[in-house]
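Here's entry20.cif, which has mmCIF, C-alpha atoms and all ligand atoms:
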```cif
data_start
#
loop_
_atom_site.group_PDB
_atom_site.id
_atom_site.type_symbol
_atom_site.label_atom_id
_atom_site.label_comp_id
_atom_site.auth_asym_id
_atom_site.auth_seq_id
_atom_site.Cartn_x
_atom_site.Cartn_y
_atom_site.Cartn_z
ATOM 1 C CA MET A 1 -16.985 -11.705 -23.594
ATOM 2 C CA LEU A 2 -17.877 -9.543 -26.588
ATOM 3 C CA LEU A 3 -21.009 -8.309 -24.843
ATOM 4 C CA GLU A 4 -18.929 -7.357 -21.807
ATOM 5 C CA GLU A 5 -16.587 -5.386 -24.038
ATOM 6 C CA ILE A 6 -19.461 -3.568 -25.720
ATOM 7 C CA LYS A 7 -20.990 -2.742 -22.346
ATOM 8 C CA GLU A 8 -17.668 -1.442 -21.094
ATOM 9 C CA GLY A 9 -17.203 0.601 -24.240
ATOM 10 C CA VAL A 10 -20.625 2.197 -23.801
ATOM 11 C CA ALA A 11 -19.937 2.917 -20.138
ATOM 12 C CA ASP A 12 -16.633 4.583 -21.084
ATOM 13 C CA LEU A 13 -18.450 6.817 -23.537
ATOM 14 C CA LEU A 14 -21.162 7.766 -21.083
ATOM 15 C CA PHE A 15 -18.873 8.172 -18.134
ATOM 16 C CA PRO A 16 -15.305 8.742 -19.265
ATOM 17 C CA LYS A 17 -13.238 7.735 -16.271
ATOM 18 C CA THR A 18 -11.451 10.649 -14.711
ATOM 19 C CA CYS A 19 -9.851 10.590 -11.306
ATOM 20 C CA PHE A 20 -11.868 12.126 -8.461
ATOM 21 C CA GLY A 21 -8.705 13.450 -6.920
ATOM 22 C CA CYS A 22 -6.749 15.007 -9.791
ATOM 23 C CA GLY A 23 -8.870 14.701 -12.932
ATOM 24 C CA LYS A 24 -6.430 12.413 -14.753
ATOM 25 C CA GLU A 25 -8.110 10.127 -17.278
ATOM 26 C CA GLY A 26 -8.215 6.343 -17.040
ATOM 27 C CA LYS A 27 -9.463 5.455 -13.561
ATOM 28 C CA TYR A 28 -11.853 6.928 -11.006
ATOM 29 C CA ILE A 29 -9.126 6.980 -8.427
ATOM 30 C CA CYS A 30 -5.668 7.000 -9.959
ATOM 31 C CA ASP A 31 -2.668 5.326 -8.368
ATOM 32 C CA ASN A 32 -1.325 8.670 -7.133
ATOM 33 C CA CYS A 33 -4.587 9.647 -5.467
ATOM 34 C CA ASN A 34 -5.054 6.300 -3.723
ATOM 35 C CA VAL A 35 -3.306 7.797 -0.708
ATOM 36 C CA PHE A 36 -6.193 10.241 -0.246
ATOM 37 C CA LEU A 37 -8.578 7.389 0.486
ATOM 38 C CA GLY A 38 -8.580 7.209 4.265
ATOM 39 C CA GLU A 39 -8.976 3.621 5.406
ATOM 40 C CA SER A 40 -11.432 3.326 8.244
ATOM 41 C CA ALA A 41 -10.611 1.494 11.447
ATOM 42 C CA LEU A 42 -12.975 -1.371 12.207
ATOM 43 C CA ILE A 43 -15.566 -1.118 14.938
ATOM 44 C CA CYS A 44 -17.788 -3.393 16.956
ATOM 45 C CA PRO A 45 -21.189 -3.114 15.255
ATOM 46 C CA VAL A 46 -23.025 -3.249 18.572
ATOM 47 C CA CYS A 47 -21.326 -0.532 20.658
ATOM 48 C CA ASP A 48 -19.618 1.312 17.767
ATOM 49 C CA LYS A 49 -16.305 1.351 19.636
ATOM 50 C CA LEU A 50 -13.092 0.325 17.920
ATOM 51 C CA ASN A 51 -12.391 -3.354 17.566
ATOM 52 C CA PHE A 52 -9.390 -4.447 15.517
ATOM 53 C CA THR A 53 -11.055 -7.212 13.483
ATOM 54 C CA GLY A 54 -14.573 -5.789 13.228
ATOM 55 C CA GLN A 55 -16.067 -8.617 15.256
ATOM 56 C CA LYS A 56 -18.550 -7.683 17.959
ATOM 57 C CA HIS A 57 -17.031 -7.620 21.444
ATOM 58 C CA LEU A 58 -17.765 -10.654 23.565
ATOM 59 C CA GLN A 59 -19.540 -8.486 26.127
ATOM 60 C CA CYS A 60 -21.570 -6.830 23.348
ATOM 61 C CA SER A 61 -23.345 -10.021 22.485
ATOM 62 C CA THR A 62 -26.937 -9.409 21.404
ATOM 63 C CA LYS A 63 -29.261 -12.055 20.076
ATOM 64 C CA TYR A 64 -30.369 -10.293 16.921
ATOM 65 C CA GLY A 65 -27.438 -7.969 16.408
ATOM 66 C CA LEU A 66 -24.637 -8.043 13.838
ATOM 67 C CA ASP A 67 -21.789 -10.456 14.521
ATOM 68 C CA GLY A 68 -19.248 -8.316 12.765
ATOM 69 C CA LEU A 69 -18.807 -5.331 10.510
ATOM 70 C CA VAL A 70 -16.360 -4.301 7.840
ATOM 71 C CA ASN A 71 -16.081 -0.832 6.339
ATOM 72 C CA ILE A 72 -13.177 -0.045 4.073
ATOM 73 C CA TRP A 73 -12.873 3.745 3.864
ATOM 74 C CA GLU A 74 -13.838 6.827 5.779
ATOM 75 C CA TYR A 75 -16.655 8.821 4.264
ATOM 76 C CA GLU A 76 -14.976 12.097 3.401
ATOM 77 C CA GLY A 77 -13.453 13.934 0.441
ATOM 78 C CA ILE A 78 -13.057 11.569 -2.502
ATOM 79 C CA THR A 79 -15.356 8.842 -1.181
ATOM 80 C CA LYS A 80 -18.091 11.378 -0.418
ATOM 81 C CA ALA A 81 -17.819 12.793 -3.934
ATOM 82 C CA ALA A 82 -17.886 9.288 -5.382
ATOM 83 C CA LEU A 83 -21.019 8.202 -3.503
ATOM 84 C CA HIS A 84 -22.701 11.430 -4.537
ATOM 85 C CA ASP A 85 -21.868 10.650 -8.180
ATOM 86 C CA ILE A 86 -23.197 7.125 -7.795
ATOM 87 C CA LYS A 87 -26.484 8.184 -6.215
ATOM 88 C CA TYR A 88 -27.299 11.400 -8.013
ATOM 89 C CA LYS A 89 -25.528 11.104 -11.359
ATOM 90 C CA GLY A 90 -26.128 7.395 -11.849
ATOM 91 C CA ASN A 91 -22.454 6.631 -12.202
ATOM 92 C CA PHE A 92 -22.586 3.178 -10.638
ATOM 93 C CA ASP A 93 -19.717 2.110 -12.860
ATOM 94 C CA ILE A 94 -17.393 3.357 -10.094
ATOM 95 C CA ILE A 95 -18.516 0.591 -7.766
ATOM 96 C CA SER A 96 -16.563 -2.209 -9.405
ATOM 97 C CA GLU A 97 -13.352 -0.202 -9.020
ATOM 98 C CA PHE A 98 -14.094 0.327 -5.322
ATOM 99 C CA ILE A 99 -14.764 -3.369 -4.749
ATOM 100 C CA GLU A 100 -11.508 -4.340 -6.446
ATOM 101 C CA LYS A 101 -9.665 -1.805 -4.323
ATOM 102 C CA ALA A 102 -11.477 -3.050 -1.219
ATOM 103 C CA PHE A 103 -10.064 -6.527 -1.751
ATOM 104 C CA LEU A 104 -6.595 -5.088 -2.274
ATOM 105 C CA VAL A 105 -6.929 -3.235 1.034
ATOM 106 C CA MET A 106 -8.057 -6.427 2.777
ATOM 107 C CA ARG A 107 -5.330 -8.526 1.215
ATOM 108 C CA LYS A 108 -2.520 -6.260 2.342
ATOM 109 C CA ASP A 109 -3.866 -6.105 5.901
ATOM 110 C CA ILE A 110 -4.871 -9.688 6.390
ATOM 111 C CA SER A 111 -4.658 -9.783 10.199
ATOM 112 C CA ARG A 112 -7.286 -7.060 10.427
ATOM 113 C CA PHE A 113 -9.650 -8.590 7.860
ATOM 114 C CA GLU A 114 -9.076 -12.270 8.547
ATOM 115 C CA SER A 115 -12.298 -12.727 10.540
ATOM 116 C CA PHE A 116 -14.425 -11.185 7.822
ATOM 117 C CA LEU A 117 -12.659 -12.951 4.974
ATOM 118 C CA SER A 118 -12.889 -16.340 6.590
ATOM 119 C CA PHE A 119 -16.592 -15.699 7.161
ATOM 120 C CA ILE A 120 -17.428 -14.574 3.626
ATOM 121 C CA PHE A 121 -15.424 -17.398 2.051
ATOM 122 C CA SER A 122 -16.846 -20.040 4.374
ATOM 123 C CA LYS A 123 -19.480 -22.550 3.270
ATOM 124 C CA ASP A 124 -23.134 -21.623 2.825
ATOM 125 C CA VAL A 125 -22.693 -17.849 2.983
ATOM 126 C CA TYR A 126 -25.074 -15.717 0.956
ATOM 127 C CA ILE A 127 -24.963 -12.033 0.153
ATOM 128 C CA VAL A 128 -28.015 -9.911 0.953
ATOM 129 C CA TYR A 129 -28.306 -6.219 0.109
ATOM 130 C CA VAL A 130 -30.307 -3.486 1.812
ATOM 131 C CA PRO A 131 -33.322 -2.908 -0.438
ATOM 132 C CA MET A 132 -34.732 0.441 -1.531
ATOM 133 C CA TYR A 133 -38.377 1.390 -1.567
ATOM 134 C CA ILE A 134 -39.505 0.105 -4.958
ATOM 135 C CA LYS A 135 -40.753 3.431 -6.349
ATOM 136 C CA LYS A 136 -37.557 5.145 -5.276
ATOM 137 C CA GLU A 137 -35.469 2.448 -6.960
ATOM 138 C CA LYS A 138 -37.488 2.808 -10.160
ATOM 139 C CA ARG A 139 -36.927 6.563 -10.116
ATOM 140 C CA ARG A 140 -33.190 6.158 -9.611
ATOM 141 C CA GLY A 141 -32.989 3.210 -11.975
ATOM 142 C CA PHE A 142 -30.845 1.097 -9.675
ATOM 143 C CA ASN A 143 -30.044 0.317 -6.067
ATOM 144 C CA GLN A 144 -26.370 0.962 -5.377
ATOM 145 C CA SER A 145 -26.331 -1.529 -2.478
ATOM 146 C CA LYS A 146 -27.503 -4.244 -4.844
ATOM 147 C CA ILE A 147 -24.717 -3.332 -7.274
ATOM 148 C CA ILE A 148 -22.155 -3.501 -4.467
ATOM 149 C CA ALA A 149 -23.546 -6.935 -3.593
ATOM 150 C CA ARG A 150 -23.254 -8.099 -7.208
ATOM 151 C CA GLU A 151 -19.653 -6.911 -7.416
ATOM 152 C CA LEU A 152 -18.884 -8.761 -4.170
ATOM 153 C CA GLU A 153 -20.521 -11.792 -5.712
ATOM 154 C CA LYS A 154 -18.171 -11.636 -8.715
ATOM 155 C CA ILE A 155 -15.064 -11.731 -6.535
ATOM 156 C CA THR A 156 -16.215 -14.123 -3.816
ATOM 157 C CA GLU A 157 -18.447 -16.344 -5.964
ATOM 158 C CA LYS A 158 -21.050 -16.190 -3.200
ATOM 159 C CA LYS A 159 -24.575 -15.846 -4.436
ATOM 160 C CA THR A 160 -26.548 -12.639 -3.919
ATOM 161 C CA ILE A 161 -30.168 -13.291 -3.013
ATOM 162 C CA ASP A 162 -33.222 -11.024 -2.830
ATOM 163 C CA LEU A 163 -34.312 -11.538 0.743
ATOM 164 C CA LEU A 164 -35.577 -8.221 2.048
ATOM 165 C CA GLU A 165 -38.094 -5.680 0.905
ATOM 166 C CA LYS A 166 -38.541 -2.068 1.969
ATOM 167 C CA ILE A 167 -42.205 -1.464 2.613
ATOM 168 C CA LYS A 168 -42.197 2.201 3.630
ATOM 169 C CA ASP A 169 -40.844 5.217 1.844
ATOM 170 C CA THR A 170 -38.773 7.086 4.374
ATOM 171 C CA PRO A 171 -37.013 10.424 4.226
ATOM 172 C CA SER A 172 -33.247 10.303 3.731
ATOM 173 C CA GLN A 173 -31.291 9.517 6.876
ATOM 174 C CA THR A 174 -28.850 12.324 6.123
ATOM 175 C CA ASN A 175 -30.400 15.102 8.167
ATOM 176 C CA LEU A 176 -31.528 13.038 11.124
ATOM 177 C CA ASP A 177 -29.789 12.512 14.449
ATOM 178 C CA ARG A 178 -29.115 9.050 15.872
ATOM 179 C CA GLU A 179 -32.525 8.692 17.557
ATOM 180 C CA GLY A 180 -34.281 9.992 14.471
ATOM 181 C CA ARG A 181 -32.497 7.488 12.264
ATOM 182 C CA ILE A 182 -33.444 4.539 14.438
ATOM 183 C CA LYS A 183 -37.110 5.658 14.400
ATOM 184 C CA ASN A 184 -36.971 6.384 10.681
ATOM 185 C CA VAL A 185 -36.078 2.813 9.713
ATOM 186 C CA LYS A 186 -38.196 1.027 12.325
ATOM 187 C CA ASP A 187 -40.646 -1.420 10.719
ATOM 188 C CA CYS A 188 -39.591 -0.357 7.214
ATOM 189 C CA PHE A 189 -38.270 -3.697 6.070
ATOM 190 C CA ARG A 190 -39.583 -7.228 5.908
ATOM 191 C CA ILE A 191 -38.626 -10.572 4.432
ATOM 192 C CA LEU A 192 -39.882 -10.767 0.843
ATOM 193 C CA PRO A 193 -43.238 -12.537 1.117
ATOM 194 C CA ASN A 194 -42.488 -14.955 -1.743
ATOM 195 C CA SER A 195 -39.034 -15.974 -0.535
ATOM 196 C CA THR A 196 -38.683 -19.702 -0.083
ATOM 197 C CA PHE A 197 -35.091 -19.974 1.057
ATOM 198 C CA LEU A 198 -33.518 -18.596 4.204
ATOM 199 C CA PRO A 199 -29.745 -18.910 4.522
ATOM 200 C CA LYS A 200 -28.011 -19.519 7.846
ATOM 201 C CA LYS A 201 -25.099 -17.176 7.157
ATOM 202 C CA VAL A 202 -25.354 -13.787 5.515
ATOM 203 C CA VAL A 203 -23.155 -10.852 4.531
ATOM 204 C CA LEU A 204 -25.453 -7.852 4.638
ATOM 205 C CA VAL A 205 -24.417 -5.121 2.226
ATOM 206 C CA ASP A 206 -25.002 -1.373 2.170
ATOM 207 C CA ASP A 207 -23.121 1.593 0.735
ATOM 208 C CA LEU A 208 -22.509 3.645 3.867
ATOM 209 C CA TRP A 209 -22.465 3.153 7.647
ATOM 210 C CA GLN A 210 -23.443 6.323 9.463
ATOM 211 C CA THR A 211 -25.071 5.237 12.709
ATOM 212 C CA GLY A 212 -25.713 1.729 11.464
ATOM 213 C CA ALA A 213 -29.464 2.074 12.076
ATOM 214 C CA THR A 214 -30.407 0.557 8.713
ATOM 215 C CA LEU A 215 -28.069 -2.443 8.829
ATOM 216 C CA LYS A 216 -28.977 -3.126 12.461
ATOM 217 C CA GLU A 217 -32.685 -3.093 11.628
ATOM 218 C CA CYS A 218 -32.218 -5.393 8.615
ATOM 219 C CA CYS A 219 -30.072 -7.743 10.674
ATOM 220 C CA GLU A 220 -32.687 -7.956 13.395
ATOM 221 C CA ILE A 221 -35.344 -8.886 10.847
ATOM 222 C CA ILE A 222 -33.376 -11.632 9.143
ATOM 223 C CA LYS A 223 -32.180 -13.036 12.466
ATOM 224 C CA THR A 224 -35.648 -13.133 14.009
ATOM 225 C CA ASN A 225 -36.625 -15.096 10.910
ATOM 226 C CA GLY A 226 -33.888 -17.675 11.417
ATOM 227 C CA VAL A 227 -30.605 -16.426 9.942
ATOM 228 C CA GLU A 228 -27.914 -17.318 12.464
ATOM 229 C CA GLU A 229 -24.797 -15.332 11.646
ATOM 230 C CA VAL A 230 -24.558 -11.937 9.975
ATOM 231 C CA TRP A 231 -21.635 -9.721 9.045
ATOM 232 C CA GLY A 232 -22.258 -6.234 7.734
ATOM 233 C CA PHE A 233 -20.235 -4.879 4.820
ATOM 234 C CA THR A 234 -20.230 -1.262 3.681
ATOM 235 C CA LEU A 235 -17.729 0.533 1.487
ATOM 236 C CA PHE A 236 -17.691 3.665 3.613
ATOM 237 C CA ARG A 237 -18.124 4.713 7.221
ATOM 238 C CA GLN A 238 -18.920 8.134 8.586
ATOM 239 C CA VAL A 239 -16.267 8.811 11.203
HETATM 240 ZN ZN ZN A 301 -5.670 11.190 -9.278
HETATM 241 ZN ZN ZN A 302 -18.791 -3.637 21.411
#
```
Let me see the file written as structure tokens.
Amino acid sequence: MLLEEIKEGVADLLFPKTCFGCGKEGKYICDNCNVFLGESALICPVCDKLNFTGQKHLQCSTKYGLDGLVNIWEYEGITKAALHDIKYKGNFDIISEFIEKAFLVMRKDISRFESFLSFIFSKDVYIVYVPMYIKKEKRRGFNQSKIIARELEKITEKKTIDLLEKIKDTPSQTNLDREGRIKNVKDCFRILPNSTFLPKKVVLVDDLWQTGATLKECCEIIKTNGVEEVWGFTLFRQV
């Protein structure tokens, strides 16, 4: 407990919390600015068209595709600024606030998030994050997807496991079109060679869904290796 308090104290000194919307001190997104976070509608992760609960459409069934997808907010304004701060200023302290807020969003809109929540809280679910190329992660000092996974772990009490490895350094997806992104991530990931345990059910975690190329690729790999059911979870979605 004491250690936690010291860590929090140090984080407050390094990154005094000020609101991304209005600059007020105390939180990264203050209660007044909450309204500027645009919640994103859920989509089918196979065809990208709207689907109320985020489950894949029945007709969109693919063997190695995602079974469902949850994104909480649209990637614009405050959320864009926040992800930029996380990635380029190392302010990953924001993530825990986003995860707490994410569960508040889900709780108040239970009919929309019921499918995801009953999946993540069901038996034998493990959390897996999208890995970074090891040198890139060392340079940055952290992998924000892994931190999102760990924060999810704290709330859901589902274990996060290291399952995937990124074996190629690829340029950022940002400036590529849809085709380019699919090519860019092809054959970039593999199951960690020393992994001894393969779960049946996985929540696959990343920071942002743009075209979904990365999550789809990771899902295909873990499913071809024997994982049976996979939901994707990202904080933000490019709309
Ligand atoms: Zn504010
Ligand atoms: Zn669909």
From atom CA of Val205 of chain A to atom CA of Val230 of chain A the spacing works out at 10.3 Å
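Here, the PyMOL selection byres (((not hetatm)) within 12 of (chain A and resi 302)) matches Leu42, Ile43, Cys44, Pro45, Val46, Cys47, Asp48, Lys49, Leu50, Asn51, Phe52, Thr53, Gly54, Gln55, Lys56, His57, Leu58, Gln59, Cys60, Ser61, Thr62, Gly65, Leu66, Asp67, Gly68 and Leu69 of chain A.
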Expand the PyMOL selection byres (((not hetatm)) within 10 of (chain A and resi 301)) into the explicit residue set it covers here, and present it as an MDAnalysis selection string. chainID A and resid 18:36
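Proximity of A:Tyr64, A:Asp177, A:Met106, A:Thr79 to Ser118 of chain A, computed with only C-alpha atoms, is greatest for A:Met106.
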Computed interatomic separation between atom CA of Asp109 of chain A and atom CA of Val130 of chain A (Å): 26.9 Å
From the list A:Phe116, A:Phe98, A:Trp231, A:Phe92, which residue is nearest Phe142 of chain A when using all atoms listed in the file? A:Phe92
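Residues in contact with segment 186-203 of chain A at up to 6 Å, not including ones fewer than 6 positions away on its chain and judged by all atoms listed in the file, are Val125, Tyr126, Ile127, Leu163, Leu164, Glu165, Lys166, Ile167, Lys168, Val227, Glu228, Glu229, Val230, Trp231 and Gly232 of chain A.
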Write the residues of the selection above to a file with C-alpha atoms, as an mmCIF file, in the frame of the given file.
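again_26.cif, written as the output of this step:
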```cif
data_model
loop_
_atom_site.group_PDB
_atom_site.id
_atom_site.type_symbol
_atom_site.label_atom_id
_atom_site.label_comp_id
_atom_site.auth_asym_id
_atom_site.auth_seq_id
_atom_site.Cartn_x
_atom_site.Cartn_y
_atom_site.Cartn_z
ATOM 1 C CA VAL A 125 -22.693 -17.849 2.983
ATOM 2 C CA TYR A 126 -25.074 -15.717 0.956
ATOM 3 C CA ILE A 127 -24.963 -12.033 0.153
ATOM 4 C CA LEU A 163 -34.312 -11.538 0.743
ATOM 5 C CA LEU A 164 -35.577 -8.221 2.048
ATOM 6 C CA GLU A 165 -38.094 -5.680 0.905
ATOM 7 C CA LYS A 166 -38.541 -2.068 1.969
ATOM 8 C CA ILE A 167 -42.205 -1.464 2.613
ATOM 9 C CA LYS A 168 -42.197 2.201 3.630
ATOM 10 C CA VAL A 227 -30.605 -16.426 9.942
ATOM 11 C CA GLU A 228 -27.914 -17.318 12.464
ATOM 12 C CA GLU A 229 -24.797 -15.332 11.646
ATOM 13 C CA VAL A 230 -24.558 -11.937 9.975
ATOM 14 C CA TRP A 231 -21.635 -9.721 9.045
ATOM 15 C CA GLY A 232 -22.258 -6.234 7.734
#
```
